[in-house]
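Engineer: Structure supplied as model16.pdb; contents: PDB, N, CA and C atoms.
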```pdb
ATOM      1  N   MET C   1     123.243  95.405  89.348
ATOM      2  CA  MET C   1     123.580  95.241  87.944
ATOM      3  C   MET C   1     122.363  94.725  87.183
ATOM      4  N   PRO C   2     121.965  95.385  86.135
ATOM      5  CA  PRO C   2     120.830  94.903  85.338
ATOM      6  C   PRO C   2     121.108  93.519  84.758
ATOM      7  N   ARG C   3     120.059  92.744  84.597
ATOM      8  CA  ARG C   3     120.215  91.423  83.990
ATOM      9  C   ARG C   3     119.189  91.252  82.885
ATOM     10  N   TRP C   4     119.522  90.405  81.919
ATOM     11  CA  TRP C   4     118.634  90.109  80.798
ATOM     12  C   TRP C   4     117.885  88.829  81.096
ATOM     13  N   ILE C   5     116.582  88.846  80.868
ATOM     14  CA  ILE C   5     115.717  87.702  81.150
ATOM     15  C   ILE C   5     115.103  87.218  79.842
ATOM     16  N   SER C   6     115.315  85.947  79.530
ATOM     17  CA  SER C   6     114.715  85.346  78.331
ATOM     18  C   SER C   6     113.245  85.094  78.592
ATOM     19  N   VAL C   7     112.388  85.501  77.617
ATOM     20  CA  VAL C   7     110.950  85.372  77.853
ATOM     21  C   VAL C   7     110.239  84.459  76.858
ATOM     22  N   PHE C   8     110.607  84.509  75.567
ATOM     23  CA  PHE C   8     110.001  83.628  74.582
ATOM     24  C   PHE C   8     110.725  83.758  73.247
ATOM     25  N   SER C   9     110.409  82.872  72.315
ATOM     26  CA  SER C   9     110.988  82.910  70.978
ATOM     27  C   SER C   9     110.357  84.043  70.171
ATOM     28  N   VAL C  10     111.126  84.640  69.258
ATOM     29  CA  VAL C  10     110.579  85.714  68.425
ATOM     30  C   VAL C  10     109.388  85.241  67.604
ATOM     31  N   ASP C  11     109.318  83.962  67.307
ATOM     32  CA  ASP C  11     108.223  83.429  66.498
ATOM     33  C   ASP C  11     106.959  83.135  67.297
ATOM     34  N   ASP C  12     107.020  83.279  68.604
ATOM     35  CA  ASP C  12     105.858  83.003  69.453
ATOM     36  C   ASP C  12     104.798  84.102  69.407
ATOM     37  N   VAL C  13     105.149  85.263  68.841
ATOM     38  CA  VAL C  13     104.222  86.393  68.786
ATOM     39  C   VAL C  13     104.186  86.915  67.353
ATOM     40  N   GLU C  14     102.987  87.085  66.823
ATOM     41  CA  GLU C  14     102.808  87.632  65.474
ATOM     42  C   GLU C  14     102.925  89.157  65.514
ATOM     43  N   ASN C  15     103.273  89.748  64.372
ATOM     44  CA  ASN C  15     103.303  91.207  64.265
ATOM     45  C   ASN C  15     101.946  91.783  64.637
ATOM     46  N   GLY C  16     101.968  92.874  65.392
ATOM     47  CA  GLY C  16     100.740  93.525  65.821
ATOM     48  C   GLY C  16     100.116  92.895  67.060
ATOM     49  N   GLN C  17     100.770  91.865  67.607
ATOM     50  CA  GLN C  17     100.249  91.180  68.788
ATOM     51  C   GLN C  17     101.169  91.460  69.977
ATOM     52  N   HIS C  18     100.809  90.910  71.124
ATOM     53  CA  HIS C  18     101.593  91.102  72.330
ATOM     54  C   HIS C  18     101.519  89.867  73.211
ATOM     55  N   ARG C  19     102.344  89.856  74.213
ATOM     56  CA  ARG C  19     102.314  88.800  75.223
ATOM     57  C   ARG C  19     102.635  89.439  76.566
ATOM     58  N   VAL C  20     101.937  88.996  77.605
ATOM     59  CA  VAL C  20     102.183  89.481  78.963
ATOM     60  C   VAL C  20     103.027  88.438  79.686
ATOM     61  N   VAL C  21     104.096  88.906  80.330
ATOM     62  CA  VAL C  21     104.966  88.025  81.099
ATOM     63  C   VAL C  21     105.119  88.595  82.504
ATOM     64  N   ASP C  22     105.485  87.723  83.431
ATOM     65  CA  ASP C  22     105.712  88.136  84.809
ATOM     66  C   ASP C  22     107.215  88.171  85.053
ATOM     67  N   ILE C  23     107.719  89.329  85.425
ATOM     68  CA  ILE C  23     109.133  89.494  85.737
ATOM     69  C   ILE C  23     109.239  89.958  87.186
ATOM     70  N   ASP C  24     109.673  89.050  88.035
ATOM     71  CA  ASP C  24     109.854  89.380  89.459
ATOM     72  C   ASP C  24     108.621  90.066  90.040
ATOM     73  N   ASP C  25     107.458  89.449  89.835
ATOM     74  CA  ASP C  25     106.177  89.919  90.370
ATOM     75  C   ASP C  25     105.676  91.212  89.736
ATOM     76  N   THR C  26     106.196  91.557  88.569
ATOM     77  CA  THR C  26     105.705  92.699  87.815
ATOM     78  C   THR C  26     105.233  92.210  86.450
ATOM     79  N   GLU C  27     103.984  92.520  86.092
ATOM     80  CA  GLU C  27     103.491  92.162  84.766
ATOM     81  C   GLU C  27     104.046  93.132  83.738
ATOM     82  N   VAL C  28     104.640  92.572  82.686
ATOM     83  CA  VAL C  28     105.210  93.358  81.604
ATOM     84  C   VAL C  28     104.536  92.903  80.318
ATOM     85  N   VAL C  29     104.106  93.863  79.498
ATOM     86  CA  VAL C  29     103.517  93.528  78.202
ATOM     87  C   VAL C  29     104.560  93.816  77.125
ATOM     88  N   ILE C  30     104.784  92.806  76.278
ATOM     89  CA  ILE C  30     105.770  92.917  75.214
ATOM     90  C   ILE C  30     105.027  92.914  73.882
ATOM     91  N   PHE C  31     105.214  93.978  73.122
ATOM     92  CA  PHE C  31     104.546  94.159  71.832
ATOM     93  C   PHE C  31     105.507  93.832  70.697
ATOM     94  N   LYS C  32     104.972  93.244  69.620
ATOM     95  CA  LYS C  32     105.748  93.030  68.401
ATOM     96  C   LYS C  32     105.109  93.870  67.300
ATOM     97  N   VAL C  33     105.863  94.863  66.814
ATOM     98  CA  VAL C  33     105.370  95.765  65.779
ATOM     99  C   VAL C  33     106.444  95.870  64.700
ATOM    100  N   ASP C  34     106.089  95.508  63.465
ATOM    101  CA  ASP C  34     107.033  95.535  62.347
ATOM    102  C   ASP C  34     108.319  94.786  62.688
ATOM    103  N   ASN C  35     108.160  93.633  63.327
ATOM    104  CA  ASN C  35     109.260  92.750  63.732
ATOM    105  C   ASN C  35     110.202  93.359  64.762
ATOM    106  N   ASP C  36     109.800  94.453  65.406
ATOM    107  CA  ASP C  36     110.524  95.017  66.541
ATOM    108  C   ASP C  36     109.724  94.735  67.804
ATOM    109  N   PHE C  37     110.422  94.617  68.915
ATOM    110  CA  PHE C  37     109.777  94.335  70.187
ATOM    111  C   PHE C  37     109.943  95.515  71.138
ATOM    112  N   PHE C  38     108.875  95.799  71.894
ATOM    113  CA  PHE C  38     108.863  96.881  72.872
ATOM    114  C   PHE C  38     108.184  96.367  74.134
ATOM    115  N   ALA C  39     108.659  96.805  75.290
ATOM    116  CA  ALA C  39     108.112  96.292  76.550
ATOM    117  C   ALA C  39     107.852  97.427  77.527
ATOM    118  N   ILE C  40     106.658  97.410  78.118
ATOM    119  CA  ILE C  40     106.292  98.364  79.168
ATOM    120  C   ILE C  40     105.546  97.619  80.269
ATOM    121  N   GLU C  41     105.492  98.233  81.420
ATOM    122  CA  GLU C  41     104.740  97.652  82.530
ATOM    123  C   GLU C  41     103.257  97.592  82.148
ATOM    124  N   ASN C  42     102.622  96.505  82.503
ATOM    125  CA  ASN C  42     101.216  96.289  82.147
ATOM    126  C   ASN C  42     100.291  96.898  83.202
ATOM    127  N   VAL C  43     100.351  98.232  83.315
ATOM    128  CA  VAL C  43      99.517  98.924  84.295
ATOM    129  C   VAL C  43      99.223 100.334  83.789
ATOM    130  N   CYS C  44      98.013 100.778  84.001
ATOM    131  CA  CYS C  44      97.654 102.155  83.683
ATOM    132  C   CYS C  44      97.970 103.013  84.900
ATOM    133  N   SER C  45      98.730 104.078  84.693
ATOM    134  CA  SER C  45      99.087 104.943  85.822
ATOM    135  C   SER C  45      97.903 105.747  86.340
ATOM    136  N   HIS C  46      96.805 105.743  85.612
ATOM    137  CA  HIS C  46      95.599 106.460  86.039
ATOM    138  C   HIS C  46      94.826 105.680  87.093
ATOM    139  N   ASP C  47      94.600 104.384  86.838
ATOM    140  CA  ASP C  47      93.753 103.629  87.773
ATOM    141  C   ASP C  47      94.352 102.316  88.253
ATOM    142  N   GLY C  48      95.570 101.980  87.811
ATOM    143  CA  GLY C  48      96.230 100.765  88.278
ATOM    144  C   GLY C  48      95.787  99.491  87.587
ATOM    145  N   GLY C  49      94.862  99.579  86.638
ATOM    146  CA  GLY C  49      94.399  98.403  85.911
ATOM    147  C   GLY C  49      95.362  98.020  84.797
ATOM    148  N   GLU C  50      95.145  96.846  84.235
ATOM    149  CA  GLU C  50      96.006  96.383  83.144
ATOM    150  C   GLU C  50      95.713  97.162  81.867
ATOM    151  N   ILE C  51      96.694  97.239  80.975
ATOM    152  CA  ILE C  51      96.493  97.949  79.713
ATOM    153  C   ILE C  51      96.652  97.053  78.487
ATOM    154  N   ALA C  52      97.149  95.829  78.685
ATOM    155  CA  ALA C  52      97.448  94.947  77.553
ATOM    156  C   ALA C  52      96.216  94.633  76.697
ATOM    157  N   SER C  53      95.041  94.637  77.283
ATOM    158  CA  SER C  53      93.839  94.307  76.506
ATOM    159  C   SER C  53      93.301  95.504  75.722
ATOM    160  N   GLY C  54      93.987  96.640  75.804
ATOM    161  CA  GLY C  54      93.579  97.822  75.052
ATOM    162  C   GLY C  54      93.932  97.699  73.581
ATOM    163  N   VAL C  55      93.559  98.704  72.817
ATOM    164  CA  VAL C  55      93.820  98.741  71.377
ATOM    165  C   VAL C  55      95.203  99.342  71.135
ATOM    166  N   LEU C  56      95.974  98.692  70.256
ATOM    167  CA  LEU C  56      97.271  99.213  69.840
ATOM    168  C   LEU C  56      97.065 100.037  68.579
ATOM    169  N   GLU C  57      97.470 101.317  68.633
ATOM    170  CA  GLU C  57      97.231 102.225  67.509
ATOM    171  C   GLU C  57      98.400 103.196  67.374
ATOM    172  N   ASN C  58      99.050 103.176  66.224
ATOM    173  CA  ASN C  58     100.142 104.124  65.937
ATOM    174  C   ASN C  58     101.207 104.166  67.025
ATOM    175  N   GLY C  59     101.628 103.007  67.495
ATOM    176  CA  GLY C  59     102.683 102.945  68.499
ATOM    177  C   GLY C  59     102.246 103.283  69.907
ATOM    178  N   GLU C  60     100.935 103.347  70.126
ATOM    179  CA  GLU C  60     100.404 103.645  71.456
ATOM    180  C   GLU C  60      99.396 102.578  71.855
ATOM    181  N   ILE C  61      99.388 102.236  73.134
ATOM    182  CA  ILE C  61      98.363 101.344  73.671
ATOM    183  C   ILE C  61      97.334 102.225  74.360
ATOM    184  N   ILE C  62      96.068 101.953  74.063
ATOM    185  CA  ILE C  62      94.970 102.745  74.617
ATOM    186  C   ILE C  62      94.341 101.959  75.762
ATOM    187  N   CYS C  63      94.324 102.538  76.939
ATOM    188  CA  CYS C  63      93.762 101.873  78.111
ATOM    189  C   CYS C  63      92.314 101.492  77.834
ATOM    190  N   PRO C  64      91.948 100.233  78.105
ATOM    191  CA  PRO C  64      90.596  99.783  77.791
ATOM    192  C   PRO C  64      89.499 100.367  78.680
ATOM    193  N   ARG C  65      89.839 101.013  79.775
ATOM    194  CA  ARG C  65      88.814 101.536  80.663
ATOM    195  C   ARG C  65      88.498 103.012  80.421
ATOM    196  N   HIS C  66      89.510 103.851  80.376
ATOM    197  CA  HIS C  66      89.248 105.290  80.307
ATOM    198  C   HIS C  66      89.930 105.990  79.139
ATOM    199  N   GLY C  67      90.661 105.246  78.291
ATOM    200  CA  GLY C  67      91.204 105.816  77.065
ATOM    201  C   GLY C  67      92.543 106.516  77.167
ATOM    202  N   ALA C  68      93.203 106.442  78.316
ATOM    203  CA  ALA C  68      94.551 107.013  78.400
ATOM    204  C   ALA C  68      95.438 106.292  77.392
ATOM    205  N   ARG C  69      96.410 107.006  76.848
ATOM    206  CA  ARG C  69      97.313 106.437  75.846
ATOM    207  C   ARG C  69      98.742 106.463  76.362
ATOM    208  N   PHE C  70      99.478 105.370  76.044
ATOM    209  CA  PHE C  70     100.873 105.255  76.450
ATOM    210  C   PHE C  70     101.704 104.820  75.255
ATOM    211  N   CYS C  71     102.874 105.433  75.101
ATOM    212  CA  CYS C  71     103.806 105.058  74.046
ATOM    213  C   CYS C  71     104.398 103.690  74.385
ATOM    214  N   ILE C  72     104.322 102.731  73.456
ATOM    215  CA  ILE C  72     104.859 101.400  73.745
ATOM    216  C   ILE C  72     106.382 101.375  73.685
ATOM    217  N   LYS C  73     107.020 102.391  73.122
ATOM    218  CA  LYS C  73     108.479 102.435  73.041
ATOM    219  C   LYS C  73     109.105 103.009  74.305
ATOM    220  N   THR C  74     108.449 103.998  74.896
ATOM    221  CA  THR C  74     109.042 104.720  76.028
ATOM    222  C   THR C  74     108.253 104.612  77.327
ATOM    223  N   GLY C  75     106.982 104.239  77.242
ATOM    224  CA  GLY C  75     106.110 104.232  78.415
ATOM    225  C   GLY C  75     105.532 105.595  78.735
ATOM    226  N   ASP C  76     105.897 106.621  77.947
ATOM    227  CA  ASP C  76     105.399 107.973  78.200
ATOM    228  C   ASP C  76     103.888 108.038  78.010
ATOM    229  N   VAL C  77     103.228 108.810  78.865
ATOM    230  CA  VAL C  77     101.795 109.029  78.720
ATOM    231  C   VAL C  77     101.576 109.999  77.562
ATOM    232  N   LYS C  78     100.548 109.736  76.754
ATOM    233  CA  LYS C  78     100.270 110.561  75.591
ATOM    234  C   LYS C  78      98.945 111.295  75.680
ATOM    235  N   SER C  79      98.055 110.860  76.590
ATOM    236  CA  SER C  79      96.784 111.573  76.761
ATOM    237  C   SER C  79      96.152 111.231  78.100
ATOM    238  N   PRO C  80      95.376 112.179  78.652
ATOM    239  CA  PRO C  80      94.663 111.940  79.901
ATOM    240  C   PRO C  80      93.568 110.886  79.694
ATOM    241  N   PRO C  81      93.061 110.347  80.771
ATOM    242  CA  PRO C  81      93.143 110.842  82.137
ATOM    243  C   PRO C  81      94.430 110.488  82.881
ATOM    244  N   ALA C  82      95.344 109.741  82.301
ATOM    245  CA  ALA C  82      96.634 109.490  82.957
ATOM    246  C   ALA C  82      97.539 110.707  82.767
ATOM    247  N   TYR C  83      98.360 110.969  83.747
ATOM    248  CA  TYR C  83      99.301 112.081  83.667
ATOM    249  C   TYR C  83     100.736 111.644  83.928
ATOM    250  N   GLU C  84     100.928 110.379  84.273
ATOM    251  CA  GLU C  84     102.261 109.834  84.500
ATOM    252  C   GLU C  84     102.471 108.654  83.564
ATOM    253  N   GLY C  85     103.689 108.503  83.094
ATOM    254  CA  GLY C  85     104.029 107.378  82.235
ATOM    255  C   GLY C  85     104.153 106.091  83.034
ATOM    256  N   VAL C  86     104.469 105.011  82.336
ATOM    257  CA  VAL C  86     104.699 103.713  82.954
ATOM    258  C   VAL C  86     106.129 103.272  82.644
ATOM    259  N   GLU C  87     106.606 102.323  83.394
ATOM    260  CA  GLU C  87     107.973 101.828  83.231
ATOM    261  C   GLU C  87     108.144 101.161  81.868
ATOM    262  N   SER C  88     109.260 101.455  81.207
ATOM    263  CA  SER C  88     109.584 100.761  79.961
ATOM    264  C   SER C  88     110.824  99.899  80.203
ATOM    265  N   TYR C  89     111.000  98.896  79.360
ATOM    266  CA  TYR C  89     112.096  97.947  79.507
ATOM    267  C   TYR C  89     112.842  97.811  78.194
ATOM    268  N   ALA C  90     114.170  97.750  78.279
ATOM    269  CA  ALA C  90     114.975  97.489  77.086
ATOM    270  C   ALA C  90     114.711  96.055  76.626
ATOM    271  N   VAL C  91     114.698  95.872  75.304
ATOM    272  CA  VAL C  91     114.458  94.555  74.714
ATOM    273  C   VAL C  91     115.590  94.261  73.745
ATOM    274  N   ARG C  92     116.028  93.007  73.721
ATOM    275  CA  ARG C  92     117.005  92.574  72.727
ATOM    276  C   ARG C  92     116.655  91.157  72.284
ATOM    277  N   ILE C  93     117.224  90.773  71.144
ATOM    278  CA  ILE C  93     117.045  89.423  70.613
ATOM    279  C   ILE C  93     118.405  88.727  70.668
ATOM    280  N   GLU C  94     118.446  87.577  71.316
ATOM    281  CA  GLU C  94     119.661  86.767  71.394
ATOM    282  C   GLU C  94     119.304  85.343  70.980
ATOM    283  N   ASN C  95     119.927  84.874  69.886
ATOM    284  CA  ASN C  95     119.678  83.509  69.402
ATOM    285  C   ASN C  95     118.192  83.235  69.195
ATOM    286  N   ASN C  96     117.498  84.210  68.607
ATOM    287  CA  ASN C  96     116.070  84.098  68.289
ATOM    288  C   ASN C  96     115.161  84.099  69.530
ATOM    289  N   ILE C  97     115.698  84.512  70.655
ATOM    290  CA  ILE C  97     114.939  84.588  71.904
ATOM    291  C   ILE C  97     114.804  86.060  72.307
ATOM    292  N   VAL C  98     113.579  86.462  72.633
ATOM    293  CA  VAL C  98     113.327  87.817  73.130
ATOM    294  C   VAL C  98     113.763  87.874  74.589
ATOM    295  N   GLN C  99     114.548  88.893  74.907
ATOM    296  CA  GLN C  99     114.985  89.115  76.277
ATOM    297  C   GLN C  99     114.638  90.545  76.673
ATOM    298  N   ILE C 100     114.242  90.700  77.932
ATOM    299  CA  ILE C 100     114.032  92.065  78.441
ATOM    300  C   ILE C 100     114.979  92.289  79.608
ATOM    301  N   GLN C 101     115.346  93.545  79.772
ATOM    302  CA  GLN C 101     116.290  93.894  80.821
ATOM    303  C   GLN C 101     115.549  94.250  82.088
ATOM    304  N   ASN C 102     115.845  93.530  83.148
ATOM    305  CA  ASN C 102     115.276  93.842  84.446
ATOM    306  C   ASN C 102     116.231  94.811  85.132
ATOM    307  N   HIS C 103     115.901  96.073  85.088
ATOM    308  CA  HIS C 103     116.764  97.102  85.650
ATOM    309  C   HIS C 103     116.463  97.380  87.105
ATOM    310  N   LEU C 104     115.598  96.568  87.709
ATOM    311  CA  LEU C 104     115.244  96.779  89.110
ATOM    312  C   LEU C 104     116.183  96.051  90.052
ATOM    313  N   ASP C 105     117.076  95.222  89.510
ATOM    314  CA  ASP C 105     118.029  94.474  90.359
ATOM    315  C   ASP C 105     119.076  95.386  90.933
TER     316      ASP C 105
END
```
Starting from the coordinates I provided, produce the structure as structure tokens.

Structural biologist:
Amino acid sequence: MPRWISVFSVDDVENGQHRVVDIDDTEVVIFKVDNDFFAIENVCSHDGGEIASGVLENGEIICPRHGARFCIKTGDVKSPPAYEGVESYAVRIENNIVQIQNHLD
């Protein structure tokens, strides 16, 4: 059964910024864009490196090493050199707290 995990207050992250959290030994990057939150696994499917330090542009995170692009809403890959997407996570706000759904349980 999926469970919701509280990660931080909605006010802890400014619009256009992100925060990386550890969920059961998986790094997840949570983005705040126009007061909405989106969460994907913090890994590039091309080389296994982190992607959170990349540039956020038009709803996509650009891998800082080789320029692969991933949709922050779905985790879908948008450009090579990556050809596979990354895991995305449902996000909700409960009592001003950002929660992500751990669907791996």

Engineer: Given the file shown, enumerate the residues that the PyMOL selection byres (((chain C and resi 88 and name CA) around 9) and name CA) captures and present them as a ChimeraX atom specification.

Structural biologist: /C:28,38-41,72-76,85-87,89-90

Engineer: I'd like the contact shell of Ser9 of chain C - 7 Å cut-off, only N, CA and C atoms, skipping same-chain residues fewer than 2 positions apart - returned as a list in words.

Structural biologist: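 The filter keeps Val7, Asp11, Asp12, Val13, Asn96, Ile97 and Val98 of chain C.
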
Engineer: Exactly which residues make up the result of the PyMOL selection byres ((chain C and resi 45-54) around 7) on this file, given as a list of chain:residue names?

Structural biologist: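 Output from the PyMOL selection byres ((chain C and resi 45-54) around 7), applied to this file: C:Val29, C:Glu41, C:Asn42, C:Val43, C:Cys44, C:Val55, C:Leu56, C:Ile61, C:Ile62, C:Cys63, C:Pro64, C:Arg65, C:Pro81, C:Ala82, C:Tyr83, C:Glu84, C:Gly85, C:Val86.
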
Engineer: What's the separation between atom C of Asn58 of chain C and atom CA of Gln17 of chain C, in Å to one decimal place?

Structural biologist: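 Computing the Euclidean distance for atom C of Asn58 of chain C and atom CA of Gln17 of chain C yields 13.1 Å.
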
Engineer: Give me, please, the distance in Å between atom N of Asn102 of chain C and atom C of Ile23 of chain C, quoted to one decimal.

Structural biologist: 8.5 Å

Engineer: Hey, can you check how far atom CA of Ser6 of chain C sits from atom CA of Asn35 of chain C?

Structural biologist: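 These atoms are spaced 17.3 Å apart.
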
Engineer: Is it possible to get the axis-aligned box enclosing segment 87-102 of chain C (all listed atoms, 3 Å extra per side) as lines of an AutoDock Vina configuration file, with centre and edge lengths in Å rounded to one decimal?

Structural biologist:
```
center_x = 113.3
center_y = 92.8
center_z = 76.7
size_x = 19.3
size_y = 25.1
size_z = 22.8
```

Engineer: If we draw a sphere of 5 Å around (104.8, 94.0, 67.9), which residues have at least one atom in it when counting only N, CA and C atoms? Please report them as a list in words.

Structural biologist: Asn15, Gly16, Gln17, Phe31, Lys32, Val33, Asp34 and Asp36 of chain C

Engineer: Going by the chain IDs and residue numbers used in this file, which residues fall under the PyMOL selection byres (((chain C and resi 5 and name CA) around 6) and name CA)? Write them as a PyMOL selection string.

Structural biologist: chain C and resi 4+6+99-100

Engineer: Hey, what does DSSP flag as strand (DSSP E) within chain C? Can you give it to me as a PyMOL selection string?

Structural biologist: chain C and resi 3-9+18-23+26-33+36-41+55-57+60-62+69-71+77-79+88-89+91-94+97-102

Engineer: Counting only C-alpha atoms, which of C:Glu57, C:Phe8, C:Glu94, C:Cys71 gets nearest to Asp22 of chain C?

Structural biologist: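 So, comparing all the options, the nearest one is C:Phe8.
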